[in-house]
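For reference, the structure is listed below as structure tokens.
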Amino acid sequence: MNWRSLLPLLHKEMVLEWRQRYALSGIVLYVVSMVFVVYVASVKPTPPMWNTLFWLIVLFASINAVVKSFVRESGARQLYYYQLADPAALVLAKVLYNALLLLVLSGLASVAFALVADSPVQRWPLFLGTLALGSASFSIAFTFISAIAAKADHGATLVAILSFPVVLPMLLTLLRLSAASFAPEGMPLDTWADVRNLLAVDAILIALVFVLFPYIWRD
């Protein structure tokens, strides 16, 4: 892989996002709107309900944020990238950028949700680590599926359909990890099994990305 092209490709993703910042504004508006709905409903969720609502907001915000990774690029632009960039560097740049974007969005959602619904989090390092793992996992899964869906019509719909069996085990693992962060300090926890499982799924997906993406892109 040509590592020297990674930074220019990351810069390209940021420039494209800034040019189409109305899409990012819509995602932020979605997150704030969902939190506002909880506030207006005067719901005082229990910790399990808080956990579920929070990750559902993050999940749908992630789909809306990452679905445009390849769908927004025309065939002519992809052909131009094909002539200039290494496919592994291109997809890695998209995965890294999307992971950073999702981390910012999930952080915004956690702060906003905590302000209106009294966050039950007791162990913030574990919760923040779960946010980072979740952002990376969603980025890898949705970026790869977006690359597949971009080759067909109705790409956004296909992303939602194809991602369900991949993202569901990730989501269940993240729910367990974040629920563990609600436990009081001093209580013994065993979260390494869930962390290892999530990292294993991420490793399998990233390997599939590097192996299959050059063939998908070449099509």
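The way I read the labels, and the way they are meant: chains A, B, ... in the order of the structure tokens, residue 1 as the first residue of every chain, and ligand 1 as the first ligand shown, with later ones counted on from there.
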#### Entry: Within 6 Å of segment 87-95 of chain A using only C-alpha atoms, minus same-chain residues under 2 positions, as a PyMOL selection string
chain A and resi 6+9-10+97-98+139-140+210+214
Those selected residues, please, written with C-alpha atoms and delivered as a PDB file, in the first residue's frame.
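part33.pdb was written with the following content:
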```
ATOM      1  CA  LEU A   6      -3.039   8.327   2.814  1.00  0.00           C
ATOM      2  CA  LEU A   9      -6.837  11.105   0.635  1.00  0.00           C
ATOM      3  CA  LEU A  10      -7.845  11.987   4.200  1.00  0.00           C
ATOM      4  CA  TYR A  97     -12.202   9.543   8.369  1.00  0.00           C
ATOM      5  CA  ASN A  98     -15.565   7.900   9.048  1.00  0.00           C
ATOM      6  CA  SER A 139     -16.996   2.788  10.344  1.00  0.00           C
ATOM      7  CA  ILE A 140     -15.423  -0.434   9.044  1.00  0.00           C
ATOM      8  CA  PHE A 210      -8.426  -5.014   1.966  1.00  0.00           C
ATOM      9  CA  PRO A 214      -9.737  -3.747  -5.038  1.00  0.00           C
TER      10      PRO A 214
END
```
### Query
Skipping near chain neighbours, those fewer than 5 positions away, what residues fall within 12 Å of Arg176 of chain A using only C-alpha atoms, listed as a PyMOL selection string?
chain A and resi 47-48+51-52+55+126-127+130+134+169-171+181-183+189-195+197-198
### Task
Would you please extract all alpha helix (DSSP H) residues from chain A, as assigned by DSSP on the backbone, and give them as a VMD selection string?
chain A and resid 6 to 19 21 to 40 47 to 66 68 to 71 75 to 84 87 to 117 124 to 149 155 to 180 192 to 218
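Nearest-residue note for Ala149 of chain A: choosing from A:Val67, A:Ala61, A:Leu29, A:Ala200, the minimum distance belongs to A:Val67, counting only C-alpha atoms.
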### Message
For a test of reading the model, state the distance in Å between atom CA of Ala136 of chain A and atom CA of Pro165 of chain A, rounded to one decimal.
### Response
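Separating atom CA of Ala136 of chain A from atom CA of Pro165 of chain A is a distance of 17.2 Å.
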#### Entry: Among listed residues A:Thr46, A:Ser106, A:Ser137, A:Gln122, nearest Ile206 of chain A (using only C-alpha atoms)
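Under the stated criterion, the closest residue is A:Ser137.
In terms of minimum interatomic distance to Leu128 of chain A, A:Leu177 ranks closest within A:Val31, A:Leu100, A:Leu168, A:Leu177, counting only C-alpha atoms.
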### Task
Grab the atom CA of Ala109 of chain A to atom CA of Leu162 of chain A distance for me, in Å with one decimal place.
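If I compute the distance from atom CA of Ala109 of chain A to atom CA of Leu162 of chain A, I get 25.0 Å.
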### Query
Taking into account only C-alpha atoms, which residue in the set A:Leu105, A:Leu175, A:Ala180, A:Val35 is nearest to Ala117 of chain A?
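That would be A:Val35, the residue with the smallest distance to Ala117 of chain A.
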### Given only C-alpha atoms as the counted atoms, nearest of A:Leu16, A:Ala179, A:Val58, A:Val116 to Ala41 of chain A
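Closest candidate: A:Val116.
In this structure, atom CA of Ile204 of chain A sits 29.1 Å away from atom CA of Leu24 of chain A.
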### Message
List the spatial neighbours of Gly107 of chain A as a ChimeraX atom specification - criterion: any atom at most 10 Å away, only C-alpha atoms, same-chain residues fewer than 6 positions off excluded.
### Response
/A:58,101,113,128,131-132,135
### Query
Which neighbours of Ala114 of chain A fall inside 10 Å, counting only C-alpha atoms, when residues of the same chain fewer than 5 positions from it are skipped, and could you give them as a PyMOL selection string?
chain A and resi 35+50+54+108-109+119-121
Export of the given selection (N, CA and C atoms) as a PDB file, in the first residue's frame:
```pdb
ATOM      1  N   VAL A  35     -32.675  13.700  20.811  1.00  0.00           N
ATOM      2  CA  VAL A  35     -32.476  14.026  22.227  1.00  0.00           C
ATOM      3  C   VAL A  35     -33.566  14.973  22.705  1.00  0.00           C
ATOM      4  N   TRP A  50     -31.870   3.923  28.886  1.00  0.00           N
ATOM      5  CA  TRP A  50     -30.926   4.962  28.476  1.00  0.00           C
ATOM      6  C   TRP A  50     -29.899   4.377  27.519  1.00  0.00           C
ATOM      7  N   PHE A  54     -29.667   5.433  23.579  1.00  0.00           N
ATOM      8  CA  PHE A  54     -28.430   6.091  23.162  1.00  0.00           C
ATOM      9  C   PHE A  54     -27.814   5.384  21.963  1.00  0.00           C
ATOM     10  N   LEU A 108     -20.998  13.842  20.779  1.00  0.00           N
ATOM     11  CA  LEU A 108     -22.051  14.854  20.843  1.00  0.00           C
ATOM     12  C   LEU A 108     -23.347  14.259  21.372  1.00  0.00           C
ATOM     13  N   ALA A 109     -23.687  13.062  20.900  1.00  0.00           N
ATOM     14  CA  ALA A 109     -24.922  12.413  21.357  1.00  0.00           C
ATOM     15  C   ALA A 109     -24.862  12.088  22.843  1.00  0.00           C
ATOM     16  N   SER A 119     -27.261  10.973  32.819  1.00  0.00           N
ATOM     17  CA  SER A 119     -26.438   9.827  32.441  1.00  0.00           C
ATOM     18  C   SER A 119     -26.162   8.903  33.630  1.00  0.00           C
ATOM     19  N   PRO A 120     -26.375   7.590  33.446  1.00  0.00           N
ATOM     20  CA  PRO A 120     -26.085   6.636  34.519  1.00  0.00           C
ATOM     21  C   PRO A 120     -24.640   6.157  34.525  1.00  0.00           C
ATOM     22  N   VAL A 121     -23.793   6.715  33.660  1.00  0.00           N
ATOM     23  CA  VAL A 121     -22.414   6.240  33.529  1.00  0.00           C
ATOM     24  C   VAL A 121     -21.641   6.519  34.820  1.00  0.00           C
TER      25      VAL A 121
END
```
